[in-house]
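S.K.: Contents are compact mmCIF, C-alpha atoms; file name upload-v6.txt:
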```
# COMPACT_ATOMS: atom_id res chain seq x y z
CA MET A 226 13.17 -11.87 -11.31
CA ASN A 227 15.88 -10.56 -13.60
CA GLY A 228 13.85 -7.43 -14.29
CA PHE A 229 13.98 -6.46 -10.64
CA TRP A 230 17.70 -7.18 -10.49
CA LYS A 231 18.51 -4.85 -13.39
CA TYR A 232 16.11 -2.14 -12.26
CA LEU A 233 17.03 -1.89 -8.62
CA CYS A 234 20.74 -2.16 -9.22
CA VAL A 235 20.68 1.10 -11.18
CA ARG A 236 18.92 2.73 -8.21
CA LEU A 237 22.06 2.21 -6.15
CA SER A 238 25.38 4.04 -6.31
CA LEU A 239 28.30 2.18 -7.85
CA ARG A 240 29.70 1.48 -4.42
CA SER A 241 26.37 0.26 -3.12
CA THR A 242 25.87 -1.85 -6.23
CA ALA A 243 29.19 -3.58 -5.78
CA TYR A 244 28.39 -4.24 -2.14
CA PHE A 245 24.89 -5.43 -3.06
CA LEU A 246 26.18 -7.84 -5.70
CA ALA A 247 28.78 -9.19 -3.33
CA ILE A 248 26.08 -10.00 -0.81
CA VAL A 249 23.78 -11.58 -3.39
CA LEU A 250 26.56 -13.89 -4.57
CA LEU A 251 26.45 -15.40 -1.09
CA ILE A 252 22.69 -16.07 -1.20
CA PRO A 253 22.97 -19.81 -1.87
CA LEU A 254 25.27 -20.17 1.14
CA MET A 255 23.45 -17.81 3.50
CA GLY A 256 19.84 -18.68 2.70
CA MET A 257 19.05 -15.06 1.89
CA THR A 258 15.86 -14.25 0.07
CA PHE A 259 14.45 -11.96 -2.57
CA HIS A 260 13.70 -9.25 -0.02
CA PHE A 261 17.21 -7.89 -0.72
CA LEU A 262 15.79 -6.66 -4.00
CA ILE A 263 13.80 -4.07 -2.03
CA PRO A 264 16.81 -2.30 -0.51
CA GLN A 265 17.13 0.98 1.29
CA THR A 266 18.01 3.15 -1.69
CA GLN A 267 18.22 6.93 -1.68
CA LYS A 268 17.52 9.36 1.11
CA GLU A 269 13.88 9.60 0.11
CA GLY A 270 13.59 5.80 0.00
CA LEU A 271 11.72 3.55 -2.41
CA ARG A 272 8.19 4.55 -3.43
CA ILE A 273 5.86 1.61 -3.97
CA LEU A 274 2.52 2.42 -5.62
CA PHE A 275 -0.59 0.24 -5.64
CA LEU A 276 -3.15 0.67 -8.44
CA GLY A 277 -6.47 -1.12 -8.57
CA ASN A 278 -10.18 -1.08 -7.88
CA SER A 279 -12.24 -1.23 -4.68
CA ILE A 280 -10.26 -4.17 -3.30
CA THR A 281 -7.10 -2.09 -3.49
CA TYR A 282 -8.98 0.98 -2.22
CA ASN A 283 -9.91 -1.03 0.89
CA GLY A 284 -6.19 -1.65 1.08
CA LYS A 285 -6.01 -4.20 3.87
CA TYR A 286 -3.52 -6.28 1.89
CA ILE A 287 -1.33 -3.20 1.42
CA LYS A 288 -1.50 -2.42 5.13
CA ASP A 289 -0.45 -6.00 5.91
CA ILE A 290 2.54 -5.73 3.57
CA GLU A 291 3.61 -2.36 4.98
CA ALA A 292 3.23 -3.48 8.60
CA TYR A 293 5.27 -6.60 7.84
CA TYR A 294 8.13 -4.55 6.44
CA ARG A 295 7.89 -1.92 9.17
CA LEU A 296 8.26 -4.58 11.84
CA HIS A 297 10.75 -6.96 10.22
CA TYR A 298 12.92 -4.38 8.44
CA PRO A 299 12.59 -1.09 10.34
CA GLU A 300 15.83 0.24 8.84
CA ARG A 301 14.42 0.29 5.31
CA GLU A 302 12.98 3.47 3.84
CA LEU A 303 9.90 2.26 1.99
CA GLU A 304 6.81 4.31 1.23
CA PHE A 305 3.64 2.41 0.32
CA ILE A 306 1.13 4.54 -1.64
CA ASN A 307 -2.42 3.34 -2.25
CA VAL A 308 -4.43 4.99 -5.05
CA GLY A 309 -6.96 2.20 -5.61
CA LEU A 310 -10.30 3.51 -6.89
CA PRO A 311 -13.63 1.69 -6.38
CA SER A 312 -15.42 0.48 -9.53
CA GLU A 313 -12.40 1.22 -11.75
CA THR A 314 -11.41 -0.77 -14.82
CA VAL A 315 -8.34 -0.80 -17.03
CA SER A 316 -10.48 -1.92 -19.98
CA GLY A 317 -12.63 1.22 -20.09
CA LEU A 318 -15.78 -0.90 -19.99
CA SER A 319 -18.90 -0.29 -17.93
CA GLU A 320 -22.15 -2.22 -17.84
CA GLU A 321 -25.45 -0.52 -18.49
CA GLY A 322 -27.04 0.75 -15.30
CA HIS A 323 -23.86 0.57 -13.24
CA ALA A 324 -24.42 2.02 -9.75
CA ASP A 325 -28.15 2.21 -10.51
CA GLY A 326 -27.36 4.46 -13.45
CA GLN A 327 -25.66 7.12 -11.33
CA PHE A 328 -22.28 6.94 -13.08
CA PRO A 329 -20.29 4.64 -15.38
CA ARG A 330 -17.28 2.78 -14.09
CA PRO A 331 -14.22 5.05 -13.90
CA ASP A 332 -11.50 4.27 -16.41
CA LEU A 333 -7.83 4.20 -15.36
CA HIS A 334 -6.95 5.88 -18.66
CA GLU A 335 -8.45 9.10 -17.31
CA ARG A 336 -6.09 9.46 -14.36
CA LEU A 337 -2.96 7.32 -14.75
CA GLU A 338 -0.76 10.06 -16.19
CA ARG A 339 -1.53 12.37 -13.25
CA VAL A 340 -0.98 9.61 -10.72
CA LEU A 341 2.44 8.70 -12.08
CA GLU A 342 3.52 12.32 -12.41
CA GLN A 343 2.57 13.20 -8.86
CA THR A 344 3.50 10.06 -6.94
CA LYS A 345 6.73 9.38 -8.87
CA PRO A 346 6.87 5.69 -7.95
CA ASP A 347 9.85 3.40 -8.27
CA LEU A 348 7.72 0.26 -8.23
CA VAL A 349 4.04 -0.27 -9.11
CA PHE A 350 1.78 -3.18 -8.17
CA ALA A 351 -1.32 -3.23 -10.41
CA SER A 352 -4.44 -5.24 -9.61
CA TYR A 353 -7.13 -5.26 -12.31
CA GLY A 354 -9.55 -7.77 -13.82
CA MET A 355 -12.35 -8.15 -11.28
CA ASN A 356 -14.44 -5.37 -12.82
CA ASP A 357 -13.12 -5.64 -16.36
CA GLY A 358 -15.36 -8.52 -17.40
CA ILE A 359 -18.28 -6.48 -15.99
CA TYR A 360 -19.70 -9.63 -14.35
CA GLN A 361 -20.77 -11.18 -17.65
CA PRO A 362 -19.78 -14.49 -19.30
CA LEU A 363 -16.49 -14.72 -21.17
CA ASP A 364 -16.55 -12.58 -24.28
CA LYS A 365 -13.80 -12.13 -26.86
CA LYS A 366 -14.32 -8.38 -27.23
CA ARG A 367 -14.31 -7.73 -23.49
CA PHE A 368 -11.20 -9.87 -23.08
CA GLU A 369 -9.46 -7.91 -25.84
CA LYS A 370 -10.34 -4.64 -24.09
CA PHE A 371 -8.78 -5.98 -20.88
CA ARG A 372 -5.69 -7.20 -22.71
CA LYS A 373 -5.17 -3.86 -24.48
CA GLY A 374 -5.72 -1.97 -21.25
CA ILE A 375 -3.09 -4.01 -19.42
CA LEU A 376 -0.60 -3.62 -22.27
CA TRP A 377 -1.19 0.14 -22.22
CA LEU A 378 -0.81 0.27 -18.42
CA HIS A 379 2.44 -1.68 -18.53
CA GLU A 380 3.90 0.60 -21.20
CA GLN A 381 2.86 3.79 -19.39
CA VAL A 382 4.42 2.69 -16.11
CA GLU A 383 7.67 1.61 -17.73
CA ASN A 384 7.84 4.85 -19.75
CA SER A 385 7.59 6.75 -16.45
CA GLY A 386 10.79 5.03 -15.29
CA ALA A 387 9.09 2.74 -12.77
CA LYS A 388 8.97 -1.05 -12.66
CA ILE A 389 5.56 -2.75 -12.71
CA VAL A 390 4.35 -6.00 -11.15
CA HIS A 391 0.92 -7.28 -12.16
CA LEU A 392 -1.39 -9.14 -9.77
CA THR A 393 -3.90 -11.57 -11.20
CA PRO A 394 -7.49 -10.77 -10.13
CA SER A 395 -8.70 -12.19 -6.85
CA VAL A 396 -11.22 -15.03 -6.81
CA TYR A 397 -14.90 -14.41 -7.52
CA ASP A 398 -17.26 -16.46 -5.35
CA GLU A 399 -20.22 -17.36 -7.54
CA GLU A 400 -22.17 -18.81 -4.62
CA LYS A 401 -22.12 -15.44 -2.90
CA GLY A 402 -21.99 -13.07 -5.88
CA GLY A 403 -24.49 -14.78 -8.15
CA ALA A 404 -22.83 -14.09 -11.52
CA ALA A 405 -22.71 -17.52 -13.13
CA ASP A 406 -19.34 -18.65 -14.51
CA TYR A 407 -17.73 -15.29 -13.80
CA ASP A 408 -14.76 -16.84 -12.06
CA LEU A 409 -14.01 -18.62 -15.35
CA VAL A 410 -13.61 -15.17 -16.87
CA LEU A 411 -11.15 -14.21 -14.15
CA GLU A 412 -9.27 -17.48 -14.67
CA LYS A 413 -8.90 -16.60 -18.36
CA TYR A 414 -7.62 -13.14 -17.48
CA SER A 415 -5.26 -14.66 -14.90
CA ASP A 416 -3.93 -17.23 -17.37
CA TRP A 417 -3.15 -14.51 -19.89
CA LEU A 418 -1.31 -12.43 -17.30
CA ILE A 419 0.72 -15.44 -16.16
CA ASP A 420 1.62 -16.23 -19.76
CA GLN A 421 3.26 -12.80 -20.01
CA ARG A 422 5.98 -13.98 -17.64
CA ASP A 423 7.43 -16.01 -20.51
CA GLU A 424 6.13 -14.09 -23.52
CA ARG A 425 7.11 -10.59 -22.39
CA LYS A 426 9.28 -11.29 -19.32
CA TRP A 427 6.81 -9.50 -17.06
CA GLU A 428 6.70 -9.80 -13.30
CA VAL A 429 3.33 -11.33 -12.33
CA VAL A 430 2.05 -12.48 -8.94
CA ASP A 431 -0.71 -15.06 -9.07
CA ILE A 432 -3.32 -14.12 -6.48
CA HIS A 433 -6.25 -15.92 -8.10
CA ARG A 434 -5.28 -19.57 -7.74
CA PRO A 435 -4.10 -19.46 -4.11
CA MET A 436 -7.33 -17.70 -3.12
CA LYS A 437 -9.49 -20.13 -5.09
CA SER A 438 -7.67 -23.15 -3.64
CA HIS A 439 -8.08 -21.77 -0.13
CA LEU A 440 -11.79 -21.17 -0.69
CA GLU A 441 -12.37 -24.66 -2.05
CA GLU A 442 -10.39 -26.32 0.75
CA ARG A 443 -12.22 -24.45 3.49
CA ARG A 444 -15.60 -25.30 1.98
CA ILE A 445 -14.95 -29.02 2.22
CA ASN A 446 -15.63 -28.95 5.97
CA ASN A 447 -17.52 -25.67 6.09
CA PRO A 448 -19.87 -25.24 3.10
CA GLY A 449 -20.88 -21.77 4.26
CA PHE A 450 -17.34 -20.43 4.36
CA ALA A 451 -16.65 -17.29 2.33
CA LEU A 452 -13.65 -15.08 1.66
CA ALA A 453 -15.99 -12.40 0.30
CA GLU A 454 -19.56 -12.21 1.57
CA ASP A 455 -20.67 -10.43 -1.60
CA GLY A 456 -18.54 -12.63 -3.84
CA VAL A 457 -16.19 -9.78 -4.75
CA HIS A 458 -14.73 -7.90 -1.79
CA PRO A 459 -12.58 -10.11 0.45
CA GLY A 460 -12.51 -9.69 4.19
CA ASP A 461 -9.37 -9.70 6.30
CA GLU A 462 -8.59 -13.35 5.56
CA GLY A 463 -8.78 -12.82 1.82
CA HIS A 464 -6.66 -9.69 1.99
CA TRP A 465 -4.03 -11.60 3.96
CA LEU A 466 -3.93 -14.27 1.24
CA MET A 467 -3.23 -11.49 -1.27
CA ALA A 468 -0.57 -9.92 0.94
CA ARG A 469 1.01 -13.32 1.55
CA GLU A 470 1.47 -14.00 -2.16
CA VAL A 471 3.06 -10.58 -2.70
CA LEU A 472 5.37 -11.13 0.26
CA ARG A 473 6.34 -14.56 -1.05
CA PHE A 474 7.05 -13.03 -4.45
CA LEU A 475 9.39 -10.64 -2.64
CA GLY A 476 11.18 -13.58 -1.04
CA GLU A 477 9.42 -13.79 2.33
CA GLU A 478 8.81 -17.55 2.23
CA ARG A 479 8.48 -17.71 6.00
CA VAL A 480 4.92 -16.39 5.66
CA ALA A 481 3.83 -19.32 3.46
CA GLU A 482 2.07 -21.20 6.25
CA MET A 483 0.93 -18.21 8.30
CA ASP A 484 -2.80 -17.62 8.56
CA ASN A 485 -2.85 -13.87 9.14
CA ILE A 486 -0.69 -10.79 9.58
CA GLU A 487 -0.79 -11.21 13.35
CA ALA A 488 0.99 -14.55 13.03
CA ALA A 489 3.49 -13.02 10.61
CA VAL A 490 4.56 -10.40 13.15
CA ALA A 491 4.00 -12.40 16.33
CA GLY A 492 6.60 -11.79 19.03
CA LEU A 493 7.81 -8.50 17.60
CA PRO A 494 7.61 -5.56 20.03
CA HIS A 495 4.52 -3.33 19.79
CA ALA A 496 3.15 -5.24 16.79
CA ASP A 497 -0.47 -4.37 17.61
CA ARG A 498 0.31 -0.68 17.87
CA VAL A 499 2.28 -0.74 14.62
CA LEU A 500 -0.63 -2.40 12.82
CA LYS A 501 -2.98 0.32 14.07
CA ALA A 502 -0.59 3.15 13.17
CA VAL A 503 -0.05 1.75 9.66
CA ASP A 504 -3.82 1.50 9.22
CA ASP A 505 -4.27 5.14 10.25
CA ARG A 506 -1.45 6.34 8.00
CA GLN A 507 -2.64 4.39 4.98
CA ASN A 508 -6.21 5.70 5.25
CA LEU A 509 -4.97 9.26 5.67
CA MET A 510 -2.62 9.19 2.70
CA ARG A 511 -4.89 7.17 0.39
CA ASP A 512 -7.60 9.81 0.69
CA ALA A 513 -5.09 12.63 0.25
CA TRP A 514 -3.46 11.09 -2.83
CA LEU A 515 -6.80 10.33 -4.49
CA THR A 516 -7.93 13.91 -3.95
CA ALA A 517 -4.61 15.37 -5.10
CA THR A 518 -4.34 13.26 -8.25
CA GLY A 519 -8.03 13.54 -9.12
CA HIS A 520 -10.50 10.99 -10.44
CA ALA A 521 -13.94 10.67 -12.02
CA ARG A 522 -15.57 8.49 -9.37
CA PRO A 523 -18.36 10.14 -7.32
CA GLY A 524 -18.84 9.35 -3.65
CA ILE A 525 -15.20 9.03 -2.61
CA LYS A 526 -14.22 10.66 0.67
CA GLU A 527 -12.29 13.86 0.13
CA GLY A 528 -8.80 13.79 1.57
CA LEU A 529 -6.80 16.49 3.26
CA PRO A 530 -4.60 18.72 1.11
CA LEU A 531 -1.49 16.73 0.37
CA ASP A 532 0.91 18.97 2.30
CA MET A 533 -1.30 18.82 5.40
CA ALA A 534 -1.70 15.05 5.10
CA MET A 535 2.06 14.62 4.80
CA GLN A 536 2.58 16.62 7.98
CA LYS A 537 0.17 14.34 9.83
CA ALA A 538 1.79 11.28 8.26
CA ALA A 539 5.21 12.50 9.44
CA VAL A 540 3.93 12.48 13.02
CA ILE A 541 2.74 8.88 12.59
CA ASP A 542 6.10 8.00 11.06
CA GLU A 543 7.87 9.28 14.16
CA GLN A 544 5.58 7.15 16.31
CA LEU A 545 6.31 4.13 14.15
CA ARG A 546 10.07 4.66 14.30
CA SER A 547 9.83 4.86 18.06
CA LEU A 548 7.76 1.67 18.24
CA VAL A 549 10.07 -0.39 16.04
CA GLY A 550 13.24 1.02 17.57
CA ASN A 551 14.60 2.76 14.49
```
Give the structure from the file, written as structure tokens.
M.R.:
Amino acid sequence: MNGFWKYLCVRLSLRSTAYFLAIVLLIPLMGMTFHFLIPQTQKEGLRILFLGNSITYNGKYIKDIEAYYRLHYPERELEFINVGLPSETVSGLSEEGHADGQFPRPDLHERLERVLEQTKPDLVFASYGMNDGIYQPLDKKRFEKFRKGILWLHEQVENSGAKIVHLTPSVYDEEKGGAADYDLVLEKYSDWLIDQRDERKWEVVDIHRPMKSHLEERRINNPGFALAEDGVHPGDEGHWLMAREVLRFLGEERVAEMDNIEAAVAGLPHADRVLKAVDDRQNLMRDAWLTATGHARPGIKEGLPLDMAMQKAAVIDEQLRSLVGN
């Protein structure tokens, strides 16, 4: 986690940095966790951007993470921005006849520069891989396209001044999805990403293995169990597993044995209303940001103009502050 340490320290004033370091030196004695590396920084707060495909576009895991922070740390100024785009790849690949021949898979290369320029994130979580093998057996050329795309993405984000955290792809359920051996492809992609922790000192969160282990364990007693009914797109339980691994990466080990976001915020005042408000805000701003930054994917709901969406989001923010007592 040294990369986070160096990055977020420079986001603080000298006085704040000294105070921050003094606190962190007490971590072994006080049992503090890595969540102190997402501090309240400047007046505008910390901007956390999520890039990815349709799983990120759905965004339930992002909503779970935001709701968790809203309820547990209401004093922190964190903005969670979702610009996930269905069908997207970082490899630039698309299978023949994708979407019944209506359009090829959108390529992140087409929009990333605009997204970074307009959102100006401090921290980026990137989730790619599921679409990048285009649901075919492991192939050296396709893997190289994925690898080059991820290296390019990492460089572009760091050149923008932001820090990037990569998520391994979620599990593919071959029993439900029907693409034979495709999860082996995602395991290969996951292994390569995890190797970059040591080789390039990257920050990587492994989503794939926890989801696969959970799926296999649940199927022992319930052979029909599924995290994703179509093999690809997880439901609420799968999204929580993703959110849980991100939260654990950020130091929130107390969520390790919790089965859903409701358990993670149980007992906190107005938790149900906060979850609903976060859901509304995320949907509103996701659509607005996708429209504002532009993309090449047909069929995506058009969002409100960004200034109008921000005005509506500000009203929800006031409601949230009132609910969490901040």
S.K.: Restricting the calculation to only C-alpha atoms: of A:Leu466, A:Ile280, A:Ala451, A:Leu333, which residue gets closest to Pro435 in chain A?
M.R.: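 Ranked by minimum distance to Pro435 in chain A, first place goes to A:Leu466.
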S.K.: Can you tell me which residues surround Ala488 in chain A at a distance of at most 12 Å, considering only C-alpha atoms, apart from same-chain residues fewer than 6 positions away, and format the answer as a CSV table (one decimal) with C-alpha atoms, in the frame of the given file?
M.R.:
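For reference, out.csv as written:
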```
chain,number,residue,atom,x,y,z
A,289,ASP,CA,-0.4,-6.0,5.9
A,293,TYR,CA,5.3,-6.6,7.8
A,465,TRP,CA,-4.0,-11.6,4.0
A,469,ARG,CA,1.0,-13.3,1.6
A,479,ARG,CA,8.5,-17.7,6.0
A,480,VAL,CA,4.9,-16.4,5.7
A,481,ALA,CA,3.8,-19.3,3.5
A,482,GLU,CA,2.1,-21.2,6.2
A,496,ALA,CA,3.2,-5.2,16.8
A,497,ASP,CA,-0.5,-4.4,17.6
```
S.K.: Between A:Thr393, A:Glu428, A:Gln343, A:Glu399, single out the one closest to Leu531 in chain A, counting all atoms listed in the file.
M.R.: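 The closest residue to Leu531 in chain A is A:Gln343.
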S.K.: Under the rule that all atoms listed in the file are counted, which of A:Ile541, A:Ala292, A:Val340, A:Leu303 is the nearest residue to Gly519 in chain A?
M.R.: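 Of A:Ile541, A:Ala292, A:Val340, A:Leu303, the one nearest Gly519 in chain A, counting all atoms listed in the file, is A:Val340.
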S.K.: Measuring between all atoms listed in the file, which one of A:Phe328, A:Phe275, A:Tyr414, A:Tyr294 shows the shortest distance to Val308 in chain A?
M.R.: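 With all atoms listed in the file as the atom set, the closest residue is A:Phe275.
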S.K.: Would you give me, as a Markdown table, each residue of range 349-372 of chain A having an atom within 10 Å of an atom of range 429-433 of chain A, along with its shortest atom pair and that distance in Å to one decimal, using all atoms listed in the file and sorting by chain and residue number?
M.R.:
```
| residue | atom | partner | partner_atom | distance |
| --- | --- | --- | --- | --- |
| A:Phe350 | CA | A:Val429 | CA | 9.3 |
| A:Ala351 | CA | A:Val429 | CA | 9.5 |
| A:Ser352 | CA | A:Ile432 | CA | 9.5 |
```
S.K.: With only C-alpha atoms as the basis for distance, which of A:Lys401, A:Lys388, A:Arg511, A:Lys437 is at the shortest distance from Glu527 in chain A?
M.R.: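 Nearest to Glu527 in chain A: A:Arg511.
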S.K.: Using only C-alpha atoms, find all polymer residues with an atom at most 12 Å away from the point (10.9, -3.1, 8.0); report them as a ChimeraX atom specification.
M.R.: /A:260-261,263-265,289-305,490,493,496,499,545-546,548-551
S.K.: Starting from 3 Å padding per side, set up an axis-aligned box that covers all listed atoms of range 475-484 of chain A and hand over centre and edge lengths in Å, one decimal, as AutoDock Vina command-line options.
M.R.:
```
--center_x 4.2 --center_y -15.9 --center_z 3.0 --size_x 20.0 --size_y 16.6 --size_z 17.2
```
S.K.: For the atom pair CA of His495 in chain A and CA of Trp514 in chain A, what is the interatomic distance in Å to one decimal place?
M.R.: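 So the two atoms, CA of His495 in chain A and CA of Trp514 in chain A, lie 28.0 Å apart.
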S.K.: My list of candidates is A:Glu383, A:Glu321, A:Glu338, A:Asp455. Which is closest to His520 in chain A when distances are computed with only C-alpha atoms?
M.R.: A:Glu338
S.K.: Please, what distance in Å, to one decimal, runs between CA of Glu478 in chain A and CA of Asn508 in chain A?
M.R.: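 About the pair CA of Glu478 in chain A and CA of Asn508 in chain A: they are 27.8 Å apart.
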S.K.: Would you list the contacts of Asn307 in chain A as a compact mmCIF listing (two decimals) with C-alpha atoms, keeping the file's coordinate frame, taking every protein, DNA or RNA residue within 9 Å and counting all atoms listed in the file, but skipping same-chain residues closer than 2 positions in sequence?
M.R.:
```
# COMPACT_ATOMS: atom_id res chain seq x y z
CA ILE A 273 5.86 1.61 -3.97
CA LEU A 274 2.52 2.42 -5.62
CA PHE A 275 -0.59 0.24 -5.64
CA LEU A 276 -3.15 0.67 -8.44
CA GLY A 277 -6.47 -1.12 -8.57
CA THR A 281 -7.10 -2.09 -3.49
CA TYR A 282 -8.98 0.98 -2.22
CA GLY A 284 -6.19 -1.65 1.08
CA ILE A 287 -1.33 -3.20 1.42
CA PHE A 305 3.64 2.41 0.32
CA GLY A 309 -6.96 2.20 -5.61
CA GLN A 507 -2.64 4.39 4.98
CA ASN A 508 -6.21 5.70 5.25
CA MET A 510 -2.62 9.19 2.70
CA ARG A 511 -4.89 7.17 0.39
CA ASP A 512 -7.60 9.81 0.69
CA TRP A 514 -3.46 11.09 -2.83
CA LEU A 515 -6.80 10.33 -4.49
```
S.K.: Around the point (-12.1, -2.4, 5.1) in the file's coordinates, collect all residues with an atom within 8 Å, using all atoms listed in the file, and return them as a ChimeraX atom specification.
M.R.: /A:283-285,460-461
S.K.: For CA of Gly358 in chain A and CA of Gly374 in chain A, quote the distance in Å rounded to one decimal.
M.R.: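 Those two atoms sit 12.3 Å apart.
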S.K.: For Glu400 in chain A, work out the shell of residues within 10 Å, counting all atoms listed in the file and skipping chain neighbours fewer than 2 positions away, then give it as JSON, numbers by chain.
M.R.: {"A": [397, 398, 402, 403, 404, 405, 449, 451, 454, 455, 456]}
S.K.: If we count all atoms listed in the file, what is near Ala387 in chain A at a cut-off of 6 Å, once residues fewer than 4 positions away on the same chain are taken out, given as a count of residues only?
M.R.: 4
